[in-house]
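Trainee: My structure is stored as start-v9.tsv, with TSV, C-alpha atoms.
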chain	number	residue	atom	x	y	z
S	132	MET	CA	5.12	10.10	8.83
S	133	ALA	CA	5.15	9.94	12.61
S	134	THR	CA	6.27	6.66	14.12
S	135	ALA	CA	7.48	5.46	17.50
S	136	LEU	CA	11.12	4.49	17.77
S	137	LEU	CA	11.99	0.89	18.46
S	138	GLY	CA	14.97	2.00	20.51
S	139	THR	CA	16.47	5.25	21.69
S	140	GLY	CA	18.52	5.99	18.61
S	141	SER	CA	17.53	7.29	15.19
S	142	VAL	CA	19.22	8.61	12.09
S	143	ALA	CA	17.01	11.39	10.74
S	144	GLY	CA	16.44	11.53	7.01
S	145	CYS	CA	18.12	8.27	6.02
S	146	LEU	CA	15.57	5.56	6.80
S	147	ALA	CA	13.07	4.15	4.34
S	148	ARG	CA	9.75	5.98	4.64
S	149	GLY	CA	7.81	4.85	7.70
S	150	GLN	CA	10.60	2.64	9.01
S	151	GLU	CA	12.27	2.71	12.39
S	152	ALA	CA	15.71	2.17	13.91
S	153	THR	CA	16.95	0.34	16.94
S	154	GLU	CA	19.74	1.81	19.00
S	155	THR	CA	22.10	-0.73	17.43
S	156	GLU	CA	20.95	0.13	13.92
S	157	ALA	CA	21.43	3.83	14.57
S	158	SER	CA	24.98	3.32	15.76
S	159	THR	CA	26.11	0.88	13.08
S	160	GLY	CA	24.65	2.43	9.96
S	161	CYS	CA	21.58	3.57	8.14
S	162	LEU	CA	19.01	1.01	7.02
S	163	ASP	CA	18.69	2.72	3.65
S	164	ASP	CA	22.45	2.51	3.23
S	165	TRP	CA	22.23	-1.22	3.85
S	166	LEU	CA	19.38	-1.70	1.38
S	167	ALA	CA	20.81	0.66	-1.25
S	168	ASP	CA	23.16	-2.13	-2.31
S	169	ALA	CA	20.55	-4.89	-2.03
S	170	ASN	CA	19.66	-6.43	-5.37
S	171	GLY	CA	16.00	-6.00	-6.25
S	172	TYR	CA	15.29	-3.32	-3.62
S	173	GLU	CA	13.05	-0.57	-5.01
S	174	GLY	CA	12.54	1.59	-1.93
S	175	VAL	CA	9.72	-0.43	-0.35
S	176	ILE	CA	9.86	-2.46	2.85
S	177	GLU	CA	6.77	-4.65	2.57
S	178	ARG	CA	4.59	-4.52	5.67
S	179	TYR	CA	2.71	-7.45	7.16
S	180	GLY	CA	0.10	-7.57	9.93
S	181	ASP	CA	-0.77	-9.94	12.76
S	182	GLY	CA	-1.41	-13.44	11.49
S	183	ASP	CA	0.38	-12.93	8.17
S	184	GLU	CA	2.95	-15.50	7.10
S	185	PRO	CA	5.40	-13.74	4.77
S	186	THR	CA	7.58	-15.71	2.38
S	187	VAL	CA	10.84	-14.36	0.97
S	188	THR	CA	12.12	-15.89	-2.27
S	189	VAL	CA	15.78	-16.90	-2.24
S	190	GLY	CA	17.09	-16.50	-5.78
S	191	ASP	CA	14.61	-13.90	-6.97
S	192	SER	CA	15.06	-12.82	-10.59
S	193	LEU	CA	12.78	-9.76	-10.41
S	194	GLY	CA	14.78	-6.67	-11.32
S	195	THR	CA	17.20	-5.68	-14.01
S	196	ASP	CA	20.84	-6.65	-13.79
S	197	HIS	CA	21.38	-8.94	-10.82
S	198	GLY	CA	20.37	-12.27	-12.30
S	199	ASP	CA	18.96	-14.44	-9.54
S	200	ALA	CA	21.20	-13.12	-6.75
S	201	ALA	CA	18.45	-11.44	-4.75
S	202	PHE	CA	15.95	-11.88	-1.96
S	203	GLY	CA	12.41	-11.02	-2.92
S	204	PRO	CA	11.30	-8.87	-1.24
S	205	ALA	CA	14.58	-7.49	0.08
S	206	GLY	CA	12.87	-5.92	3.10
S	207	VAL	CA	9.87	-6.92	5.20
S	208	ARG	CA	8.33	-5.40	8.32
S	209	VAL	CA	6.44	-7.77	10.64
S	210	PRO	CA	4.89	-7.71	14.14
S	211	PRO	CA	6.63	-9.54	17.00
S	212	GLY	CA	5.79	-13.24	16.99
S	213	THR	CA	5.77	-13.55	13.20
S	214	THR	CA	7.37	-16.51	11.44
S	215	VAL	CA	9.14	-15.60	8.20
S	216	THR	CA	9.79	-18.32	5.61
S	217	TRP	CA	12.55	-18.20	3.03
S	218	GLU	CA	11.88	-20.42	0.00
S	219	TRP	CA	14.52	-21.25	-2.60
S	220	SER	CA	13.56	-20.74	-6.25
S	221	GLY	CA	16.16	-23.20	-7.49
S	222	HIS	CA	17.61	-20.55	-9.79
S	223	GLY	CA	21.08	-19.11	-9.59
S	224	ASP	CA	24.04	-20.14	-7.50
S	225	PRO	CA	23.73	-21.91	-4.14
S	226	ALA	CA	22.61	-19.49	-1.44
S	227	ASN	CA	21.90	-19.39	2.27
S	228	VAL	CA	20.29	-17.02	4.79
S	229	VAL	CA	22.61	-15.78	7.52
S	230	ALA	CA	21.84	-12.95	9.93
S	231	LEU	CA	24.47	-10.45	10.95
S	232	GLY	CA	24.94	-11.13	14.64
S	233	ASP	CA	24.13	-14.83	14.26
S	234	SER	CA	20.48	-14.66	15.34
S	235	PHE	CA	19.52	-17.07	12.55
S	236	ASP	CA	21.39	-19.21	10.02
S	237	SER	CA	19.97	-21.58	7.38
S	238	GLY	CA	23.19	-23.57	7.09
S	239	ASP	CA	25.23	-24.43	4.03
S	240	PRO	CA	24.34	-22.77	0.70
S	241	VAL	CA	21.93	-24.77	-1.48
S	242	ALA	CA	20.16	-24.31	-4.81
S	243	ILE	CA	17.23	-26.68	-4.34
S	244	HIS	CA	13.84	-25.61	-5.67
S	245	GLY	CA	11.28	-25.59	-2.86
S	246	HIS	CA	13.81	-25.80	-0.04
S	247	THR	CA	12.67	-23.68	2.94
S	248	PHE	CA	14.02	-22.13	6.08
S	249	THR	CA	11.90	-20.50	8.78
S	250	HIS	CA	12.58	-18.25	11.74
S	251	ARG	CA	10.17	-16.84	14.31
S	252	PHE	CA	10.88	-13.24	15.31
S	253	GLU	CA	9.91	-12.59	18.91
S	254	ASP	CA	11.92	-9.47	19.74
S	255	ARG	CA	11.50	-6.02	18.24
S	256	GLY	CA	14.48	-4.83	16.25
S	257	THR	CA	16.16	-4.67	12.87
S	258	TYR	CA	17.62	-7.92	11.53
S	259	ARG	CA	19.97	-7.60	8.58
S	260	TYR	CA	21.01	-10.74	6.72
S	261	VAL	CA	22.92	-11.95	3.66
S	262	SER	CA	23.58	-14.92	1.46
S	263	GLU	CA	27.22	-15.58	2.28
S	264	PRO	CA	28.39	-16.61	-1.23
S	265	SER	CA	26.85	-13.51	-2.86
S	266	ARG	CA	27.07	-10.99	-0.04
S	267	ASP	CA	29.53	-8.76	-1.89
S	268	GLU	CA	27.36	-8.95	-5.02
S	269	GLY	CA	24.33	-7.45	-3.23
S	270	MET	CA	22.39	-10.49	-2.05
S	271	ARG	CA	21.23	-8.98	1.23
S	272	GLY	CA	17.97	-8.29	3.03
S	273	VAL	CA	16.38	-7.09	6.24
S	274	VAL	CA	13.52	-8.00	8.57
S	275	VAL	CA	12.18	-5.12	10.67
S	276	VAL	CA	10.19	-6.34	13.69
S	277	ALA	CA	7.91	-3.61	15.03
S	278	ASP	CA	4.45	-3.17	16.48
S	279	PRO	CA	1.78	-2.38	13.87
S	280	PRO	CA	0.46	1.21	13.83
S	281	SER	CA	-2.37	1.78	16.30
S	282	SER	CA	-5.24	4.21	16.74
S	283	ASP	CA	-8.41	4.31	18.83
S	284	TYR	CA	-10.05	1.96	16.32
S	285	PRO	CA	-8.72	-1.64	16.51
S	286	ALA	CA	-10.78	-2.73	13.50
S	287	VAL	CA	-9.15	-0.02	11.40
S	288	ASP	CA	-5.67	-0.93	12.65
S	289	ALA	CA	-6.14	-4.61	11.84
S	290	TRP	CA	-7.52	-3.84	8.40
S	291	LEU	CA	-4.74	-1.42	7.47
S	292	ALA	CA	-1.82	-3.20	9.15
S	293	ASP	CA	-0.19	-4.00	5.80
S	294	VAL	CA	-0.84	-0.62	4.16
S	295	GLU	CA	2.48	1.13	3.62
S	296	ILE	CA	1.34	4.70	4.33
S	297	TYR	CA	-0.88	3.96	7.33
S	298	ASP	CA	0.79	5.18	10.54
S	299	GLY	CA	-2.15	5.01	12.93
S	300	THR	CA	-3.55	8.41	11.93
S	301	VAL	CA	-7.30	8.63	11.37
S	302	VAL	CA	-7.81	12.00	9.70
S	303	ASP	CA	-10.58	14.02	11.35
S	304	TRP	CA	-13.03	15.16	8.68
S	305	ARG	CA	-16.06	15.63	10.94
S	306	ASP	CA	-16.30	19.32	10.02
S	307	TYR	CA	-15.96	18.69	6.26
S	308	PRO	CA	-19.25	18.49	4.30
S	309	SER	CA	-17.78	16.62	1.31
S	310	PRO	CA	-14.20	15.40	1.82
S	311	ILE	CA	-12.17	13.73	-0.93
S	312	VAL	CA	-10.15	10.50	-0.86
S	313	THR	CA	-7.52	10.16	-3.58
S	314	VAL	CA	-7.56	6.79	-5.37
S	315	GLY	CA	-4.29	5.54	-6.80
S	316	SER	CA	-2.30	8.16	-4.96
S	317	ALA	CA	1.46	8.32	-5.50
S	318	GLU	CA	1.93	9.68	-1.97
S	319	GLY	CA	3.24	6.42	-0.56
S	320	GLU	CA	5.76	3.88	-1.74
S	321	SER	CA	3.10	2.26	-3.92
S	322	GLU	CA	0.65	3.78	-6.37
S	323	PHE	CA	-1.97	1.36	-5.05
S	324	THR	CA	-3.04	3.50	-2.11
S	325	PHE	CA	-5.92	5.57	-0.83
S	326	SER	CA	-4.96	8.96	0.56
S	327	PRO	CA	-5.68	9.25	3.39
S	328	PRO	CA	-6.05	5.55	4.18
S	329	ALA	CA	-8.29	6.24	7.20
S	330	ALA	CA	-10.65	9.12	7.97
S	331	ARG	CA	-13.36	9.99	10.49
S	332	VAL	CA	-16.56	11.76	9.37
S	333	SER	CA	-19.88	12.79	10.85
S	334	THR	CA	-23.15	11.06	9.98
S	335	GLY	CA	-24.65	12.53	6.85
S	336	THR	CA	-21.26	13.28	5.28
S	337	THR	CA	-20.78	12.61	1.58
S	338	VAL	CA	-17.31	11.25	0.85
S	339	ARG	CA	-16.01	11.46	-2.70
S	340	TRP	CA	-13.27	9.31	-4.23
S	341	VAL	CA	-11.19	10.90	-6.97
S	342	TRP	CA	-9.18	8.73	-9.36
S	343	THR	CA	-5.68	9.80	-10.42
S	344	GLY	CA	-5.74	7.27	-13.24
S	345	GLY	CA	-5.50	3.53	-13.74
S	346	PRO	CA	-8.12	0.82	-13.19
S	347	HIS	CA	-9.50	0.90	-9.65
S	348	GLN	CA	-12.68	-0.26	-7.96
S	349	ILE	CA	-14.05	0.43	-4.49
S	350	ALA	CA	-15.69	-2.46	-2.66
S	351	PHE	CA	-16.79	-2.21	0.98
S	352	GLU	CA	-16.45	-5.14	3.37
S	353	ASP	CA	-19.09	-4.03	5.87
S	354	ALA	CA	-21.90	-2.77	3.62
S	355	ASP	CA	-23.34	-3.19	0.14
S	356	ILE	CA	-21.49	-0.13	-1.16
S	357	GLY	CA	-19.08	0.10	-4.05
S	358	SER	CA	-18.19	1.24	-7.52
S	359	ALA	CA	-17.54	-0.32	-10.88
S	360	VAL	CA	-13.98	-0.53	-12.20
S	361	GLU	CA	-13.11	2.98	-13.38
S	362	THR	CA	-10.03	4.23	-15.20
S	363	LYS	CA	-10.61	7.91	-15.98
S	364	PRO	CA	-9.18	10.58	-13.65
S	365	GLY	CA	-11.67	12.57	-11.59
S	366	VAL	CA	-14.44	11.88	-9.08
S	367	GLN	CA	-15.81	8.47	-10.03
S	368	PHE	CA	-17.63	7.48	-6.84
S	369	GLU	CA	-19.30	9.09	-3.84
S	370	HIS	CA	-21.39	7.92	-0.92
S	371	THR	CA	-23.30	9.57	1.91
S	372	PHE	CA	-22.79	7.79	5.24
S	373	GLU	CA	-25.96	7.93	7.30
S	374	GLU	CA	-25.24	5.26	9.92
S	375	PRO	CA	-22.41	5.27	12.49
S	376	GLY	CA	-19.83	2.54	12.23
S	377	VAL	CA	-16.48	1.49	10.80
S	378	TYR	CA	-16.59	0.98	7.05
S	379	ARG	CA	-13.65	-0.94	5.58
S	380	TYR	CA	-13.06	-0.96	1.85
S	381	ALA	CA	-10.52	-1.96	-0.78
S	382	CYS	CA	-9.75	-1.66	-4.45
S	383	ALA	CA	-10.90	-5.08	-5.59
S	384	PRO	CA	-8.24	-5.57	-8.33
S	385	HIS	CA	-5.41	-4.44	-6.03
S	386	HIS	CA	-6.57	-5.71	-2.64
S	387	THR	CA	-3.49	-7.90	-2.16
S	388	LEU	CA	-1.19	-4.95	-2.92
S	389	GLY	CA	-2.41	-3.04	0.11
S	390	ALA	CA	-5.00	-0.89	-1.67
S	391	LYS	CA	-7.28	-0.60	1.36
S	392	GLY	CA	-8.95	2.15	3.34
S	393	ALA	CA	-11.43	2.82	6.12
S	394	ILE	CA	-14.08	5.41	6.96
S	395	VAL	CA	-15.16	5.84	10.59
S	396	VAL	CA	-18.61	7.41	10.89
S	397	GLU	CA	-19.54	8.98	14.23
Go ahead and render the structure in this file as structure tokens.
Mentor:
Amino acid sequence: MATALLGTGSVAGCLARGQEATETEASTGCLDDWLADANGYEGVIERYGDGDEPTVTVGDSLGTDHGDAAFGPAGVRVPPGTTVTWEWSGHGDPANVVALGDSFDSGDPVAIHGHTFTHRFEDRGTYRYVSEPSRDEGMRGVVVVADPPSSDYPAVDAWLADVEIYDGTVVDWRDYPSPIVTVGSAEGESEFTFSPPAARVSTGTTVRWVWTGGPHQIAFEDADIGSAVETKPGVQFEHTFEEPGVYRYACAPHHTLGAKGAIVVE
């Protein structure tokens, strides 16, 4: 996946898919190395768009063998100017949120349900942090601050800003009479994806959506177009686009998981 570097340094082959490195990050260690020992990390840095307000749980019990000594999610990627909130679950030992390099610090460890700490990230970069009492036990996380992917279609970029596999590419299908979008693709970090997430077609093109399995439904935001919930593999929905425009759609059951796509008709 092609991305722009946040700084001048990069460590090829060792970053989480679609993520980026600052010069400092490149010189001090690989981001995947940092997250490999983070409790609850499953290979996904959750992406957020402009206007999102992500919350990270302090004392997250999701996972297998780390109890409550985890941040959930362990990694987030946000645009500059985003405020991230950490909220304590009240489970587990007292914990705090302390950045390496002292850019933010929540203070003394606590274990109070509903306690919160916020920090606004203005500058692009990679911000690694820990809970000091459980640092050596894997209670660590990261906030990556980077510009959202961009294309020539701002409406597409805004719609797909939190889609893990979207990198600003709008696949050109204008010469394809009947292109196929894969529904529930395992191409990205999540199975709840459309592949490709964005495509450009000519007027009169029939686009087909092929299910790989699992319950999915296509619902368009900009037109009265959509499918029922389908579970069987194979082509379960198709539509011929006669009018130019940007057509945004999502899998209704998995909308909040980033199951979104866009068709640009020209």
Trainee: In terms of the shortest atom-to-atom distance over all atoms listed in the file, which of S:Ala205, S:Val273, S:Val187, S:Val261 is closest to S:Phe248?
Mentor: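 Nearest to S:Phe248: S:Val187.
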Trainee: Can you list, as an MDAnalysis selection string, every protein, DNA or RNA residue that comes within 9 Å of S:Ser262 when you count all atoms listed in the file, leaving out same-chain residues fewer than 6 positions away?
Mentor: chainID S and resid 189 200:202 225:230 240 269:272
Trainee: For S:Thr188, which residue among S:Ala167, S:Val209, S:Val360, S:Ala242 is the nearest when counting all atoms listed in the file?
Mentor: S:Ala242
Trainee: Which of these, S:Ala381, S:Ala277, S:Val341, S:Ala390, has the shortest distance to S:Ile356 once you count all atoms listed in the file?
Mentor: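 For S:Ile356, the nearest of the given residues is S:Ala381.
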Trainee: Just checking: using only C-alpha atoms, which residue out of S:Trp217, S:Glu397, S:Asp288, S:Ile243 ends up closest to S:Trp304?
Mentor: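 Nearest to S:Trp304: S:Glu397.
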Trainee: Select, from S:Ser309, S:Ser237, S:Thr213, S:Thr343, the residue with the minimum atom-to-atom distance to S:Glu322, counting only C-alpha atoms.
Mentor: S:Thr343
Trainee: Tell me which of S:Arg255, S:His246, S:Arg331, S:Lys391 sits closest to S:Gly315, counting all atoms listed in the file.
Mentor: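 Among the listed residues, the smallest separation from S:Gly315 belongs to S:Lys391.
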Trainee: Go ahead and compute the interatomic distance for atom CA of S:Gly389 and atom CA of S:Glu184, in Å to one decimal.
Mentor: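 Here the two named atoms are 15.3 Å from each other.
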Trainee: List as a PDB file with C-alpha atoms, in the frame of the given file the residues having at least one atom at most 9 Å from position (-3.9, 6.9, 15.2) as given in the file, counting only C-alpha atoms.
Mentor:
ATOM      1  CA  PRO S 280       0.460   1.210  13.830  1.00  0.00           C
ATOM      2  CA  SER S 281      -2.370   1.780  16.300  1.00  0.00           C
ATOM      3  CA  SER S 282      -5.240   4.210  16.740  1.00  0.00           C
ATOM      4  CA  ASP S 283      -8.410   4.310  18.830  1.00  0.00           C
ATOM      5  CA  TYR S 284     -10.050   1.960  16.320  1.00  0.00           C
ATOM      6  CA  ASP S 288      -5.670  -0.930  12.650  1.00  0.00           C
ATOM      7  CA  TYR S 297      -0.880   3.960   7.330  1.00  0.00           C
ATOM      8  CA  ASP S 298       0.790   5.180  10.540  1.00  0.00           C
ATOM      9  CA  GLY S 299      -2.150   5.010  12.930  1.00  0.00           C
ATOM     10  CA  THR S 300      -3.550   8.410  11.930  1.00  0.00           C
ATOM     11  CA  VAL S 301      -7.300   8.630  11.370  1.00  0.00           C
ATOM     12  CA  VAL S 302      -7.810  12.000   9.700  1.00  0.00           C
TER      13      VAL S 302
END
Trainee: To one decimal place, how far is atom CA of S:Trp290 from atom CA of S:Arg339 in Å?
Mentor: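 According to the coordinates, atom CA of S:Trp290 and atom CA of S:Arg339 are separated by 20.7 Å.
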Trainee: Could you tell me, as a JSON list (two decimals) with C-alpha atoms, keeping the file's coordinate frame, which residues have any atom at most 10 Å from (-21.6, 6.9, -5.8), counting only C-alpha atoms?
Mentor:
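This is the output file part36.json:
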[["chain", "number", "residue", "atom", "x", "y", "z"],
["S", 337, "THR", "CA", -20.78, 12.61, 1.58],
["S", 338, "VAL", "CA", -17.31, 11.25, 0.85],
["S", 339, "ARG", "CA", -16.01, 11.46, -2.70],
["S", 340, "TRP", "CA", -13.27, 9.31, -4.23],
["S", 356, "ILE", "CA", -21.49, -0.13, -1.16],
["S", 357, "GLY", "CA", -19.08, 0.10, -4.05],
["S", 358, "SER", "CA", -18.19, 1.24, -7.52],
["S", 359, "ALA", "CA", -17.54, -0.32, -10.88],
["S", 366, "VAL", "CA", -14.44, 11.88, -9.08],
["S", 367, "GLN", "CA", -15.81, 8.47, -10.03],
["S", 368, "PHE", "CA", -17.63, 7.48, -6.84],
["S", 369, "GLU", "CA", -19.30, 9.09, -3.84],
["S", 370, "HIS", "CA", -21.39, 7.92, -0.92],
["S", 371, "THR", "CA", -23.30, 9.57, 1.91]]
Trainee: Grab the atom CA of S:Glu218 to atom CA of S:Pro204 distance for me, in Å with one decimal place.
Mentor: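 Distance between the two atoms: 11.6 Å.
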Trainee: Using all atoms listed in the file, which protein or nucleic acid residues come within 9 Å of S:Trp342? Drop anything in the same chain fewer than 4 positions from it, and give the result as number ranges by chain.
Mentor: S: 312-316, 346-347, 361-368
Trainee: Those same residues - C-alpha atoms - I'd like them written as an mmCIF file, in the frame of the given file.
Mentor:
data_model
loop_
_atom_site.group_PDB
_atom_site.id
_atom_site.type_symbol
_atom_site.label_atom_id
_atom_site.label_comp_id
_atom_site.auth_asym_id
_atom_site.auth_seq_id
_atom_site.Cartn_x
_atom_site.Cartn_y
_atom_site.Cartn_z
ATOM 1 C CA VAL S 312 -10.150 10.500 -0.860
ATOM 2 C CA THR S 313 -7.520 10.160 -3.580
ATOM 3 C CA VAL S 314 -7.560 6.790 -5.370
ATOM 4 C CA GLY S 315 -4.290 5.540 -6.800
ATOM 5 C CA SER S 316 -2.300 8.160 -4.960
ATOM 6 C CA PRO S 346 -8.120 0.820 -13.190
ATOM 7 C CA HIS S 347 -9.500 0.900 -9.650
ATOM 8 C CA GLU S 361 -13.110 2.980 -13.380
ATOM 9 C CA THR S 362 -10.030 4.230 -15.200
ATOM 10 C CA LYS S 363 -10.610 7.910 -15.980
ATOM 11 C CA PRO S 364 -9.180 10.580 -13.650
ATOM 12 C CA GLY S 365 -11.670 12.570 -11.590
ATOM 13 C CA VAL S 366 -14.440 11.880 -9.080
ATOM 14 C CA GLN S 367 -15.810 8.470 -10.030
ATOM 15 C CA PHE S 368 -17.630 7.480 -6.840
#
Trainee: Fewer than 2 positions away in the same chain doesn't count, so skip those; otherwise give me all residues within 6 Å of S:Ala329, counting all atoms listed in the file, as a list of chain:residue names.
Mentor: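 The contact residues come out as S:Val301, S:Pro327, S:Gly392, S:Ala393, S:Ile394.
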Trainee: Mind writing the picked residues with C-alpha atoms as a CSV table (one decimal), keeping the file's coordinate frame?
Mentor:
chain,number,residue,atom,x,y,z
S,301,VAL,CA,-7.3,8.6,11.4
S,327,PRO,CA,-5.7,9.2,3.4
S,392,GLY,CA,-9.0,2.2,3.3
S,393,ALA,CA,-11.4,2.8,6.1
S,394,ILE,CA,-14.1,5.4,7.0
